[in-house]
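Structure first, commentary second.
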Amino acid sequence: MPKIAKQLSERSVASLKTDGRHAVGGVPGLHLRVLGDHRGWVLRVLAGNKRRDIGLGAYPEVGLADARAKARKIHDDLNKGLLRPTPKQQKLEALAIQSATERTFGWCTEEFLRAKSAEWSNAKHRQQWKNTLETYAAPYLGNLAVSTIDVPHMLACLEPIWQTKNETANRVRGRIESILDWATVRKYRTGENPARWKGHLDKVLPAPSKIQKVEHHRALPIDAIKSFMKDLRQRPGMAARALEFVVLTAARSGEVRGATWPEFDLQAKIWTIPGERMKAGNEHRVPLSSDALRLLQQLPRLAETDLLFPGSKLQVLSDMSLTAVMRRMKVDAVPHGFRSTFRDWASERTNYPRDLAEQALAHTLQSKVEAAYRRGDALEKRRVMMEDWAGQFSS
């Protein structure tokens, strides 16, 4: 007969958090099994010549007193010869114990999103993760225990969209990989990650670079920018002024549409965009050219909002409002394309260093070594460059 452990109180049982089996006393062989967030009752008994574990339910759904009562009943049945498990029953009980500590991929996804969402700069990013996983992963993996997911499951999930929606499929693969890594650290699964690419799925799926079609934002040619700006400056409205400011600063549309007056030091001719509004999450200073400063000085300052370019209801302009201006002008390009035009101009028509143009566009350096050695933001050098950029269509 198993040794009777020290009898724990309800309060002592509730405080058990360490992974493993904890004898609670009161009945021989009664343990609380802890694995991560899950806690469940297990009774170890000797049936015939074999020890076996019998699951008694999850804690706290099954309380300490009920678990002891169930355990005593099982011991009574054993003593009376009423509990003679067949091999099939033993297998089912083992599966029941395993299932009590198993976690499905769907459950792990929710817990992963909850744990990691604080790292993401906005709720939209979390929603993108959730939406893609619900659409493309959940139908194949959602109800599976993470401990059972393997390469065939990954292929069933990815192959239907790998050729036709490769960019999305590759994002889904990476997100599944992150969730399975998280589940491994939490001890819900063991072994290699079946979603990893290098040295694994790259052996059975074609490389994204071989099948992706890169679609660049439509941009105006360099030689067309002067006439475009001349036409744009004749057009009234906040959307037209915001678009003009996009061109002058080579900033992203969202950075301009969300710009507020407190971000500007007109005397120093600097626009400081806070990190939370930047794609890379880092503060970015924009030197204001004379034309950009003149545009700002002509804008109305509204008491009801700090926005530079408020909509009709004093809200942030939509991205489509800037696109609509370009459509009315019958221009086959998009607002984001002006960043490409600026980059082409800096590369093809000037001697400014590549790095300076990349800093003006607030691009993140791919080389971590180079990024580590970059201390300043070359503001004054960029100021000269932005004056030259505005000068080509200032008259």
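Note on naming: chains are A, B, ... as they come in the structure tokens, residues start from 1 per chain, ligands start from 1 in the order shown.
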Region 280-296 of chain A surroundings by only C-alpha atoms, 9 Å radius, close-in-sequence under 2 positions cut, as a count of residues only: 40
Separation of CA of Ile176 (chain A) from CA of Cys108 (chain A) in Å: 10.2 Å
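Among the candidate residues A:Gln234, A:Arg21, A:His153, A:Val172, the one lying nearest to Lys130 (chain A) is A:Val172, with distances computed using only C-alpha atoms.
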Strand (DSSP E or B) call set, DSSP backbone run, region 23-82 of chain A, as a PyMOL selection string: chain A and resi 23+30-35+38-47+50-58
His336 (chain A) surroundings by only C-alpha atoms, 9 Å radius, close-in-sequence under 5 positions cut, as a ChimeraX atom specification: /A:217-219,246,250-253
For the residues selected in the previous step, produce a file with C-alpha atoms as an mmCIF file, in the first residue's frame.
```cif
data_model
loop_
_atom_site.group_PDB
_atom_site.id
_atom_site.type_symbol
_atom_site.label_atom_id
_atom_site.label_comp_id
_atom_site.auth_asym_id
_atom_site.auth_seq_id
_atom_site.Cartn_x
_atom_site.Cartn_y
_atom_site.Cartn_z
ATOM 1 C CA HIS A 217 3.740 50.918 -55.093
ATOM 2 C CA ARG A 218 2.913 52.834 -58.267
ATOM 3 C CA ALA A 219 5.082 55.954 -58.354
ATOM 4 C CA VAL A 246 3.796 63.967 -48.048
ATOM 5 C CA ALA A 250 8.996 61.994 -48.205
ATOM 6 C CA ALA A 251 7.111 60.780 -45.133
ATOM 7 C CA ARG A 252 4.586 57.980 -45.009
ATOM 8 C CA SER A 253 0.953 58.926 -45.525
#
```
Spatial neighbours of region 110-114 of chain A, max dist 8 Å, only C-alpha atoms, sep filter under 2 positions, as a VMD selection string: chain A and resid 106 to 108 116 to 118 126 130 179 182
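Comparing A:Phe309, A:Phe105, A:Tyr188, A:Trp129 by their smallest distance to Ala239 (chain A), the closest is A:Phe309 (using only C-alpha atoms).
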Close residues, Phe393 (chain A) itself excluded, 8 Å, only C-alpha atoms, min 4 positions apart in chain, as a list in words: Ile225, Lys226, Ser227, Met229, Lys230 and Trp389 of chain A
Residues from the last selection, N, CA and C atoms, saved as a PDB file, in the first residue's frame:
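Result written to out.pdb:
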```
ATOM      1  N   ILE A 225       7.256  64.930 -61.574  1.00  0.00           N
ATOM      2  CA  ILE A 225       6.903  65.434 -60.253  1.00  0.00           C
ATOM      3  C   ILE A 225       6.670  66.949 -60.250  1.00  0.00           C
ATOM      4  N   LYS A 226       7.414  67.687 -61.071  1.00  0.00           N
ATOM      5  CA  LYS A 226       7.280  69.155 -61.065  1.00  0.00           C
ATOM      6  C   LYS A 226       5.893  69.582 -61.534  1.00  0.00           C
ATOM      7  N   SER A 227       5.432  69.039 -62.655  1.00  0.00           N
ATOM      8  CA  SER A 227       4.103  69.415 -63.157  1.00  0.00           C
ATOM      9  C   SER A 227       3.013  68.918 -62.218  1.00  0.00           C
ATOM     10  N   MET A 229       3.213  68.668 -58.924  1.00  0.00           N
ATOM     11  CA  MET A 229       3.150  69.572 -57.774  1.00  0.00           C
ATOM     12  C   MET A 229       2.517  70.910 -58.153  1.00  0.00           C
ATOM     13  N   LYS A 230       2.769  71.368 -59.355  1.00  0.00           N
ATOM     14  CA  LYS A 230       2.164  72.625 -59.807  1.00  0.00           C
ATOM     15  C   LYS A 230       0.642  72.502 -59.849  1.00  0.00           C
ATOM     16  N   TRP A 389      15.506  68.712 -52.760  1.00  0.00           N
ATOM     17  CA  TRP A 389      14.353  67.962 -53.242  1.00  0.00           C
ATOM     18  C   TRP A 389      13.168  68.901 -53.482  1.00  0.00           C
TER      19      TRP A 389
END
```
Please tabulate, as a Markdown table, the residues of region 192-244 of chain A that come within 12 Å of region 145-149 of chain A, each with its closest pair of atoms and the distance in Å to one decimal, counting only C-alpha atoms and ordering rows by chain, then residue number upward.
```
| residue | atom | partner | partner_atom | distance |
| --- | --- | --- | --- | --- |
| A:Glu192 | CA | A:Ile149 | CA | 10.4 |
| A:Asn193 | CA | A:Ile149 | CA | 8.9 |
| A:Pro194 | CA | A:Ile149 | CA | 7.4 |
| A:Ala195 | CA | A:Ile149 | CA | 9.3 |
```
Filtering to C-alpha atoms, could you give me those residues as a compact mmCIF listing (two decimals), in the first residue's frame?
```txt
# COMPACT_ATOMS: atom_id res chain seq x y z
CA GLU A 192 11.64 19.91 -33.21
CA ASN A 193 9.37 22.64 -34.46
CA PRO A 194 7.62 21.31 -37.62
CA ALA A 195 6.87 24.86 -38.80
```
Residue nearest Val151 (chain A) - candidates A:Leu205, A:Ile74, A:Met385, A:Ala115, atoms counted: only C-alpha atoms: A:Leu205
DSSP helix (DSSP H, G or I) residues within region 220-305 of chain A, as a ChimeraX atom specification: /A:222-232,238-249,253-257,261-263,275-277,290-298
Could you give me, as a short mmCIF file (atom, residue, chain, number, x, y, z; two decimals) with C-alpha atoms, in the first residue's frame, the residues within 7 Å of region 339-342 of chain A, counting only C-alpha atoms and dropping anything in the same chain fewer than 2 positions from it?
```
data_model
loop_
_atom_site.label_atom_id
_atom_site.label_comp_id
_atom_site.auth_asym_id
_atom_site.auth_seq_id
_atom_site.Cartn_x
_atom_site.Cartn_y
_atom_site.Cartn_z
CA ALA A 219 5.08 55.95 -58.35
CA LEU A 220 5.47 59.03 -60.55
CA PRO A 221 8.61 59.28 -62.70
CA ILE A 222 11.09 61.88 -61.49
CA ALA A 250 9.00 61.99 -48.20
CA HIS A 336 3.25 55.98 -50.88
CA GLY A 337 4.85 55.99 -54.31
CA ASP A 344 15.04 57.47 -57.31
CA TRP A 345 15.80 61.21 -57.42
CA ALA A 346 18.42 60.95 -54.66
#
```
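When the distance limit is 10 Å and only C-alpha atoms are what count, the residues near Ser321 (chain A), minus those fewer than 6 positions from it on the same chain, are Met238, Ala239, Ala240, Ala242, Leu243, Gly311 and Arg327 of chain A.
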Based on the selection just made, write C-alpha atoms of those residues as an mmCIF file, in the first residue's frame.
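Generated file (again_18.cif):
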```cif
data_model
loop_
_atom_site.group_PDB
_atom_site.id
_atom_site.type_symbol
_atom_site.label_atom_id
_atom_site.label_comp_id
_atom_site.auth_asym_id
_atom_site.auth_seq_id
_atom_site.Cartn_x
_atom_site.Cartn_y
_atom_site.Cartn_z
ATOM 1 C CA MET A 238 -6.984 69.489 -46.474
ATOM 2 C CA ALA A 239 -6.357 66.236 -48.350
ATOM 3 C CA ALA A 240 -4.517 68.142 -51.104
ATOM 4 C CA ALA A 242 -1.608 66.720 -46.697
ATOM 5 C CA LEU A 243 -0.573 65.114 -49.986
ATOM 6 C CA GLY A 311 -11.053 65.890 -41.801
ATOM 7 C CA ARG A 327 -7.487 59.971 -58.896
#
```
